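Novice: The structure follows.
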Amino acid sequence: MSTATDTIEQFTSQEYKWGFVTDIESETVPRGLNEEIIRLISAKKREPDWLLQWRLKAYRHWLTMEEPRWWPNLTYAKIDYNDIIYYAAPKAQKKPKSLDEVDPELRRTFEKLGISLEEQKRLTGVAVDAVFDSVSVVTTFKEKLAELGIIFCSFSEAVQEHPDLVRKYLGSVVPYNDNFFAALNSAVFSDGSFVYIPKGVRCPMELSTYFRINARETGQFERTLIICEEGGYVSYLEGCTAPMRDENQLHAAVVELVAIGDHAQIKYSTVQNWYPGDKDGKGGIYNFVTKRGACRGRASKISWTQVETGSAITWKYPSCILQGDDSVGEFYSVALTNHYQQADTGTKMIHVGKNTRSTIVSKGISAGHGQNTYRGLVKVLKGAAYARNYSQCDSLLLGDKCGAHTFPYIEVKNTTATVEHEASTSKIGEDQIFYCNQRGLSKEDAVNMIVNGFCKDVFRELPMEFAVEAQKLLGVSLEGSVG
Amino acid sequence: MEFPVGEKQTAMLTITNLHAGVGDKKILRGVNLQVNAGEVHAIMGPNGSGKSTLAGVLAGRETFEVTEGEVLYEGKNLLAMDPEERAAEGLFLAFQYPVEIPGVTNNYFLRAALNAIRKHRGEPEVDAAAFLKLVKEKMRILHMPEDLLKRSVNEGFSGGEKKRNEIFQMAVLDPKLCVLDETDSGLDIDALRVVADGVNALRSPHRAMIVITHYQRLLQYIVPDFVHVLSEGRIVLSGGKELALELEARGYDWVKEREPALSGARR
């Protein structure tokens with residue numbers, strides 16, 4: 001038995017490749033949180049008064065809330081919310097009109113991350129909104145998309161240009177008082193992406209946002225809102241990285257998806273690779289995120305796919321509220337924890353309408369001292385006749401110091417509903433590794449191959465070029481775990 | 001290429017006084033064996049005689065600890081090599097219990113393996129198209145179903161399919177020394193014939209085979225040049241192919257009664 005364990009023991013200390021710092025002058029607000037800070041952030045963004053009032057309402061509510069500490073498998077030091085800088089932006093003369101006006105240092109940063117901001121250099125049609133600390137730097141392909149009536153811009157810009165849409169849907173899926181971190185985000189959120197797909201339009205390219213934390217001792221609180229009208233379709237992807245720092249940094253985002261009309265479809269994919277901390281568990285991002293989508297139209301569909309390899313702690317449950325009859329919710333997840341990373345993730349599928357269907361496929365991989373928890377809720381309300389759910393939760397353990405936990409909650413109020421749950425936990429076997437070795441493959445290649453095979457059901461849900469990225473990322477995150 | 005007949009050749013594999021076990025349990029107690037290129041050796045023996053241990057030690061399975069002895073492969077110290085290095089040097093083990101790797105297609109697995117071996121030899125990688133051409137040919141010989149390449153490695157395979165898949169992999173990887181560990185177990189007569197045909201097609205003056213089996217049945221189809229009987233961790237009897245028939249007729253107890261006559265390897 002010792003072989004497999006030793007093998008995995010050595011699966012350590014791979015350098016985080018995205019850990020560099022961009023040397024750029026940034027403009028921040030004073031440290032700490034109070035109404036003055038919120039007014040300052042709102043003023044910097046030239047926001048209308050209704051939005052400021054909404055922020056303040058959220059802040060006042062947040063003050064009455066307790067930070068959730070109930071997950072038994074998550075441990076972390078207390079966060080001092082008055083020791084965080086809530087807004088940081090690269091100092092710029094003015095908002096760049098075109099890519100040529102973007103600070104070359106910022107452009108280099110994104111190029112180093114493999115995100116080309118130059119439209120002609122993109123191989124396939126992928127439009128990018130690049131968010132650096134608290135602000136959106138540039139959004140590509142905006143004009144081309146606008147010809148189809150699609151709005152793809154930074155959240156701040158949407159507040160200025162499309163205030164009615166923002167006002168109508170902001171907080172409509174995740175209310176400001178939903179939970180502690182959602183309330184905090186509602187009070188201090190800085191930027192993020194905004195997408196609007198008009199009736200009957202199929203978005204011809206992948207939309208993506210790349211989030212980068214750079215400044216020290218700041219938090220990132222972005223907010224994304226995607227609205228899809230009847231018969232529309234959009235596939236959206238977000239990616240995230242951060243420099244290596246010894247202190248923990250807080251990332252508390254809110255994502256709201258609204259599939260309004262009949263047959264509206266939103267596909268949302270995440271490749272999350274925030275700095276996970278070093279091999280002893282020092283530093284790393286606290287990734288406390290609220291993501292939720294509402295399928296309001298008949299036969300509308302929301303699909304979440306996530307590959308979570310980064311962050312010291314991940315705490316997120318991308319969920320679907322299936323209101324429209326025949327609507328469909330999907331959740332495909334790969335969560336990997338190595339070293340001292342902790343992940344508590346899963347989904348909630350709330351079946352409200354008739355014939356609603358949901359699918360959950362969760363793959364948790366634990367290595368080193370990593371702790372991985374799947375926590376999911378399938379709730380079938382009284383009116384949800386013939387609702388169906390299928391859940392599959394598999395855990396893979398690499399080594400004997402890590403942990404995997406599964407907490408499926410099922411509440412069914414309608415007797416015609418069908419809910420299926422399957423779960424498995426397996427250890428990556430010495431036999432599997434030896435079999436690969438005997439065919440000429442190194443231990444590292446063997447583990448990579450076995451882990452990627454384990455995640456295949458999820459990877460095939462990702463847009464193709466990102467699936468390749470995700471596979472590589474998984475390899476890198478596990479690199480050094482094998483001798 | 002001409003095979004030099006009558007010339008003295010260096011043995012492909014020389015096992016000298018090999019002792020190995022698991023923990024405190026001794027399994028192999030002084031195995032001696034020499035195998036030359038072009039030869040097929042059958043190793044027979046009752047359950048628990050150490051047959052699979054010998055296969056495992058040759059392939060480098062770390063469950064087994066070698067306590068004494070030496071194994072030379074093409075003049076090199078085999079026991080000092082990692083399992084993947086042995087594979088890259090041309091040693092192939094057809095597993096008694098082939099392992100399942102869910103989500104990894106046979107196609108991907110085998111191409112990665114072939115390219116790892118080619119890299120070791122300093123040869124360029126085989127691209128997807130060239131690889132497909134290569135495997136299609138081998139699949140035909142082994143009557144492998146068309147969808148095999150797209151299926152996950154051994155997952156959901158029947159016993160017979162798993163064994164055929166081992167021989168198929170062997171055909172693709174083109175090893176120099178093949179060790180077949182109870183390849184016949186769990187096969188019905190038709191599957192056995194297909195597997196044996198596959199193995200026979202791979203017989204070559206440049207390749208050696210060690211066929212480990214409990215029963216004589218397999219050796220009707222894969223006719224060995226030499227037969228060795230392993231008992232209590234040692235080769236106690238060696239002979240030509242007719243020895244297998246004699247064993248079948250008289251049973252392994254007959255060998256035990258004959259001891260200590262003719263103990264040790266053939267040469």
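Note on naming: chains are A, B, ... as they come in the structure tokens, residues start from 1 per chain, ligands start from 1 in the order shown.
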Counting only C-alpha atoms, which residues from chain A have an atom at most 8 Å from any atom of chain B, and could you show them as a ChimeraX atom specification?
Specialist: /A:1,3,431-432,434-442,449-450,452-457
Novice: Could you write those residues out with N, CA, C and O atoms, as a PDB file, in the first residue's frame?
Specialist:
```pdb
ATOM      1  N   MET A   1       0.830  -1.212   0.000  1.00  0.00           N
ATOM      2  CA  MET A   1       0.000   0.000   0.000  1.00  0.00           C
ATOM      3  C   MET A   1       0.860   1.255   0.000  1.00  0.00           C
ATOM      4  O   MET A   1       0.437   2.304  -0.420  1.00  0.00           O
ATOM      5  N   THR A   3       3.255   2.252  -1.663  1.00  0.00           N
ATOM      6  CA  THR A   3       3.688   2.852  -2.927  1.00  0.00           C
ATOM      7  C   THR A   3       2.781   3.979  -3.382  1.00  0.00           C
ATOM      8  O   THR A   3       3.230   5.081  -3.656  1.00  0.00           O
ATOM      9  N   ASP A 431      -2.838  -0.202  -8.355  1.00  0.00           N
ATOM     10  CA  ASP A 431      -2.984  -1.070  -9.522  1.00  0.00           C
ATOM     11  C   ASP A 431      -3.104  -0.267 -10.807  1.00  0.00           C
ATOM     12  O   ASP A 431      -2.515  -0.604 -11.825  1.00  0.00           O
ATOM     13  N   GLN A 432      -3.900   0.826 -10.738  1.00  0.00           N
ATOM     14  CA  GLN A 432      -4.071   1.658 -11.932  1.00  0.00           C
ATOM     15  C   GLN A 432      -2.753   2.311 -12.332  1.00  0.00           C
ATOM     16  O   GLN A 432      -2.399   2.356 -13.501  1.00  0.00           O
ATOM     17  N   PHE A 434       0.300   1.302 -11.569  1.00  0.00           N
ATOM     18  CA  PHE A 434       1.249   0.300 -12.046  1.00  0.00           C
ATOM     19  C   PHE A 434       0.913  -0.142 -13.478  1.00  0.00           C
ATOM     20  O   PHE A 434       1.804  -0.332 -14.306  1.00  0.00           O
ATOM     21  N   TYR A 435      -0.364  -0.272 -13.740  1.00  0.00           N
ATOM     22  CA  TYR A 435      -0.792  -0.672 -15.085  1.00  0.00           C
ATOM     23  C   TYR A 435      -0.286   0.342 -16.119  1.00  0.00           C
ATOM     24  O   TYR A 435       0.259  -0.028 -17.151  1.00  0.00           O
ATOM     25  N   CYS A 436      -0.444   1.614 -15.809  1.00  0.00           N
ATOM     26  CA  CYS A 436       0.048   2.665 -16.711  1.00  0.00           C
ATOM     27  C   CYS A 436       1.573   2.621 -16.817  1.00  0.00           C
ATOM     28  O   CYS A 436       2.133   2.745 -17.903  1.00  0.00           O
ATOM     29  N   ASN A 437       2.239   2.449 -15.678  1.00  0.00           N
ATOM     30  CA  ASN A 437       3.708   2.363 -15.677  1.00  0.00           C
ATOM     31  C   ASN A 437       4.168   1.231 -16.593  1.00  0.00           C
ATOM     32  O   ASN A 437       5.113   1.382 -17.359  1.00  0.00           O
ATOM     33  N   GLN A 438       3.483   0.108 -16.487  1.00  0.00           N
ATOM     34  CA  GLN A 438       3.886  -1.058 -17.258  1.00  0.00           C
ATOM     35  C   GLN A 438       3.713  -0.824 -18.754  1.00  0.00           C
ATOM     36  O   GLN A 438       4.311  -1.487 -19.575  1.00  0.00           O
ATOM     37  N   ARG A 439       2.907   0.150 -19.107  1.00  0.00           N
ATOM     38  CA  ARG A 439       2.767   0.473 -20.522  1.00  0.00           C
ATOM     39  C   ARG A 439       3.706   1.609 -20.923  1.00  0.00           C
ATOM     40  O   ARG A 439       3.578   2.168 -22.010  1.00  0.00           O
ATOM     41  N   GLY A 440       4.580   2.007 -20.010  1.00  0.00           N
ATOM     42  CA  GLY A 440       5.590   3.001 -20.359  1.00  0.00           C
ATOM     43  C   GLY A 440       5.309   4.410 -19.878  1.00  0.00           C
ATOM     44  O   GLY A 440       6.089   5.322 -20.109  1.00  0.00           O
ATOM     45  N   LEU A 441       4.173   4.613 -19.194  1.00  0.00           N
ATOM     46  CA  LEU A 441       3.820   5.964 -18.741  1.00  0.00           C
ATOM     47  C   LEU A 441       4.399   6.242 -17.356  1.00  0.00           C
ATOM     48  O   LEU A 441       4.387   5.369 -16.489  1.00  0.00           O
ATOM     49  N   SER A 442       4.881   7.463 -17.153  1.00  0.00           N
ATOM     50  CA  SER A 442       5.434   7.831 -15.848  1.00  0.00           C
ATOM     51  C   SER A 442       4.305   7.937 -14.828  1.00  0.00           C
ATOM     52  O   SER A 442       3.136   8.019 -15.190  1.00  0.00           O
ATOM     53  N   MET A 449      -3.675  11.220 -16.165  1.00  0.00           N
ATOM     54  CA  MET A 449      -4.593  10.531 -17.058  1.00  0.00           C
ATOM     55  C   MET A 449      -5.798   9.992 -16.283  1.00  0.00           C
ATOM     56  O   MET A 449      -6.945  10.138 -16.706  1.00  0.00           O
ATOM     57  N   ILE A 450      -5.532   9.405 -15.136  1.00  0.00           N
ATOM     58  CA  ILE A 450      -6.608   8.816 -14.336  1.00  0.00           C
ATOM     59  C   ILE A 450      -7.553   9.922 -13.824  1.00  0.00           C
ATOM     60  O   ILE A 450      -8.774   9.798 -13.886  1.00  0.00           O
ATOM     61  N   ASN A 452      -7.977  12.961 -15.134  1.00  0.00           N
ATOM     62  CA  ASN A 452      -8.710  13.534 -16.258  1.00  0.00           C
ATOM     63  C   ASN A 452      -9.836  12.621 -16.722  1.00  0.00           C
ATOM     64  O   ASN A 452     -10.910  13.090 -17.087  1.00  0.00           O
ATOM     65  N   GLY A 453      -9.578  11.329 -16.685  1.00  0.00           N
ATOM     66  CA  GLY A 453     -10.623  10.372 -17.043  1.00  0.00           C
ATOM     67  C   GLY A 453     -11.797  10.464 -16.087  1.00  0.00           C
ATOM     68  O   GLY A 453     -12.965  10.453 -16.485  1.00  0.00           O
ATOM     69  N   PHE A 454     -11.467  10.628 -14.823  1.00  0.00           N
ATOM     70  CA  PHE A 454     -12.470  10.752 -13.769  1.00  0.00           C
ATOM     71  C   PHE A 454     -13.366  11.979 -13.998  1.00  0.00           C
ATOM     72  O   PHE A 454     -14.563  11.971 -13.685  1.00  0.00           O
ATOM     73  N   CYS A 455     -12.780  13.030 -14.563  1.00  0.00           N
ATOM     74  CA  CYS A 455     -13.503  14.298 -14.740  1.00  0.00           C
ATOM     75  C   CYS A 455     -14.165  14.428 -16.110  1.00  0.00           C
ATOM     76  O   CYS A 455     -14.773  15.456 -16.413  1.00  0.00           O
ATOM     77  N   LYS A 456     -14.036  13.427 -16.931  1.00  0.00           N
ATOM     78  CA  LYS A 456     -14.442  13.542 -18.325  1.00  0.00           C
ATOM     79  C   LYS A 456     -15.897  14.007 -18.511  1.00  0.00           C
ATOM     80  O   LYS A 456     -16.190  14.843 -19.361  1.00  0.00           O
ATOM     81  N   ASP A 457     -16.791  13.462 -17.686  1.00  0.00           N
ATOM     82  CA  ASP A 457     -18.214  13.807 -17.831  1.00  0.00           C
ATOM     83  C   ASP A 457     -18.448  15.307 -17.660  1.00  0.00           C
ATOM     84  O   ASP A 457     -19.414  15.855 -18.181  1.00  0.00           O
TER      85      ASP A 457
END
```
Novice: Assign secondary structure with DSSP using the backbone only, and return the residues of range 139-201 of chain B in strand (DSSP E) as an NGL selection string.
Specialist: :B and (152-153 or 177-181)
Novice: Write to file, as a JSON list (two decimals), in the first residue's frame, the residues of the selection just made, with C-alpha atoms.
Specialist:
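Ended up saving to selection-v2.json:
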```json
[["chain", "number", "residue", "atom", "x", "y", "z"],
["B", 152, "SER", "CA", -12.64, 3.46, -21.71],
["B", 153, "VAL", "CA", -9.67, 1.21, -20.91],
["B", 177, "LEU", "CA", 10.05, -9.61, -24.13],
["B", 178, "CYS", "CA", 6.42, -10.55, -23.50],
["B", 179, "VAL", "CA", 5.31, -11.97, -20.18],
["B", 180, "LEU", "CA", 1.80, -13.41, -20.35],
["B", 181, "ASP", "CA", 0.38, -13.93, -16.88]]
```
Novice: Identify, on the basis of only C-alpha atoms, every residue whose closest approach to range 184-201 of chain A does not exceed 6 Å; exclude the query and any residue fewer than 6 positions from it along the same chain; express the result as a PyMOL selection string.
Specialist: chain A and resi 55+58-59+134-135+150-156+176+221-232
Novice: Create the file for the chosen residues now, containing N, CA, C and O atoms and written as a compact mmCIF listing (two decimals), in the first residue's frame.
Specialist:
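Everything below was put into out-v1.txt:
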```
# COMPACT_ATOMS: atom_id res chain seq x y z
N ARG A 55 -27.20 49.99 -2.21
CA ARG A 55 -25.96 49.58 -1.55
C ARG A 55 -26.07 49.81 -0.04
O ARG A 55 -25.69 48.95 0.76
N ALA A 58 -28.27 47.40 1.68
CA ALA A 58 -27.58 46.10 1.84
C ALA A 58 -26.57 46.18 2.98
O ALA A 58 -26.48 45.25 3.80
N TYR A 59 -25.84 47.30 3.03
CA TYR A 59 -24.83 47.45 4.08
C TYR A 59 -25.47 47.42 5.46
O TYR A 59 -25.00 46.74 6.37
N SER A 134 -10.67 46.15 -9.19
CA SER A 134 -12.08 46.51 -9.10
C SER A 134 -12.71 47.05 -10.38
O SER A 134 -13.87 47.43 -10.39
N VAL A 135 -11.94 47.12 -11.47
CA VAL A 135 -12.53 47.71 -12.67
C VAL A 135 -12.32 46.88 -13.93
O VAL A 135 -11.38 46.12 -14.04
N ILE A 150 -27.01 42.45 -28.94
CA ILE A 150 -26.46 41.88 -27.71
C ILE A 150 -25.68 42.95 -26.96
O ILE A 150 -24.91 43.71 -27.55
N ILE A 151 -25.92 43.03 -25.69
CA ILE A 151 -25.15 43.95 -24.86
C ILE A 151 -24.14 43.13 -24.07
O ILE A 151 -24.50 42.18 -23.37
N PHE A 152 -22.86 43.47 -24.24
CA PHE A 152 -21.82 42.82 -23.44
C PHE A 152 -20.87 43.91 -23.01
O PHE A 152 -20.17 44.52 -23.83
N CYS A 153 -20.91 44.23 -21.73
CA CYS A 153 -20.07 45.33 -21.26
C CYS A 153 -19.80 45.14 -19.78
O CYS A 153 -20.28 44.19 -19.16
N SER A 154 -19.01 46.05 -19.23
CA SER A 154 -18.75 45.97 -17.80
C SER A 154 -20.01 46.38 -17.05
O SER A 154 -20.87 47.07 -17.57
N PHE A 155 -20.11 45.93 -15.81
CA PHE A 155 -21.28 46.25 -15.02
C PHE A 155 -21.43 47.76 -14.84
O PHE A 155 -22.53 48.32 -14.95
N SER A 156 -20.30 48.43 -14.59
CA SER A 156 -20.34 49.89 -14.38
C SER A 156 -20.90 50.60 -15.59
O SER A 156 -21.68 51.54 -15.47
N TYR A 176 -30.43 41.35 -1.95
CA TYR A 176 -29.31 41.92 -1.20
C TYR A 176 -29.16 41.27 0.18
O TYR A 176 -28.09 41.26 0.76
N PHE A 221 -14.93 42.19 -5.28
CA PHE A 221 -16.37 41.99 -5.11
C PHE A 221 -17.05 42.29 -6.43
O PHE A 221 -17.53 43.40 -6.65
N GLU A 222 -17.00 41.33 -7.33
CA GLU A 222 -17.61 41.65 -8.61
C GLU A 222 -19.02 41.08 -8.68
O GLU A 222 -19.43 40.24 -7.90
N ARG A 223 -19.71 41.61 -9.65
CA ARG A 223 -21.10 41.28 -9.79
C ARG A 223 -21.38 41.05 -11.26
O ARG A 223 -21.03 41.86 -12.10
N THR A 224 -21.97 39.94 -11.57
CA THR A 224 -22.26 39.63 -12.96
C THR A 224 -23.75 39.40 -13.11
O THR A 224 -24.37 38.76 -12.25
N LEU A 225 -24.31 39.95 -14.17
CA LEU A 225 -25.74 39.82 -14.42
C LEU A 225 -25.93 39.43 -15.88
O LEU A 225 -25.44 40.11 -16.78
N ILE A 226 -26.57 38.31 -16.11
CA ILE A 226 -26.82 37.85 -17.47
C ILE A 226 -28.32 37.68 -17.66
O ILE A 226 -28.97 36.97 -16.89
N ILE A 227 -28.85 38.35 -18.69
CA ILE A 227 -30.28 38.30 -18.95
C ILE A 227 -30.48 37.72 -20.34
O ILE A 227 -29.87 38.17 -21.31
N CYS A 228 -31.31 36.70 -20.44
CA CYS A 228 -31.54 36.09 -21.75
C CYS A 228 -33.04 36.05 -22.03
O CYS A 228 -33.81 35.47 -21.26
N GLU A 229 -33.44 36.66 -23.14
CA GLU A 229 -34.86 36.72 -23.49
C GLU A 229 -35.30 35.47 -24.24
O GLU A 229 -34.48 34.63 -24.61
N GLU A 230 -36.57 35.42 -24.52
CA GLU A 230 -37.20 34.27 -25.18
C GLU A 230 -36.41 33.77 -26.39
O GLU A 230 -36.04 34.54 -27.28
N GLY A 231 -36.12 32.48 -26.39
CA GLY A 231 -35.46 31.87 -27.54
C GLY A 231 -33.99 32.25 -27.71
O GLY A 231 -33.35 31.87 -28.68
N GLY A 232 -33.46 33.03 -26.78
CA GLY A 232 -32.06 33.43 -26.89
C GLY A 232 -31.13 32.36 -26.35
O GLY A 232 -31.55 31.44 -25.65
```
Novice: If you run DSSP on this backbone, which residues of range 17-199 of chain B come out as helix (DSSP H, G or I), and could you give them as a VMD selection string?
Specialist: chain B and resid 51 to 59 78 to 80 83 to 88 106 to 120 128 to 141 146 to 150 159 to 173 189 to 199
Novice: Which residue, B:Lys241, B:Ala208, B:Phe157, B:Arg234, has the smallest gap to Lys26 in chain B when you use only C-alpha atoms?
Specialist: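 Going through B:Lys241, B:Ala208, B:Phe157, B:Arg234 one by one, the smallest distance to Lys26 in chain B is for B:Arg234.
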Novice: For Ala249 in chain B, which residue out of B:Tyr215, B:Lys163, B:Ala201, B:Phe64 is the nearest one, using only C-alpha atoms?
Specialist: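 The answer is B:Tyr215, which sits nearest to Ala249 in chain B.
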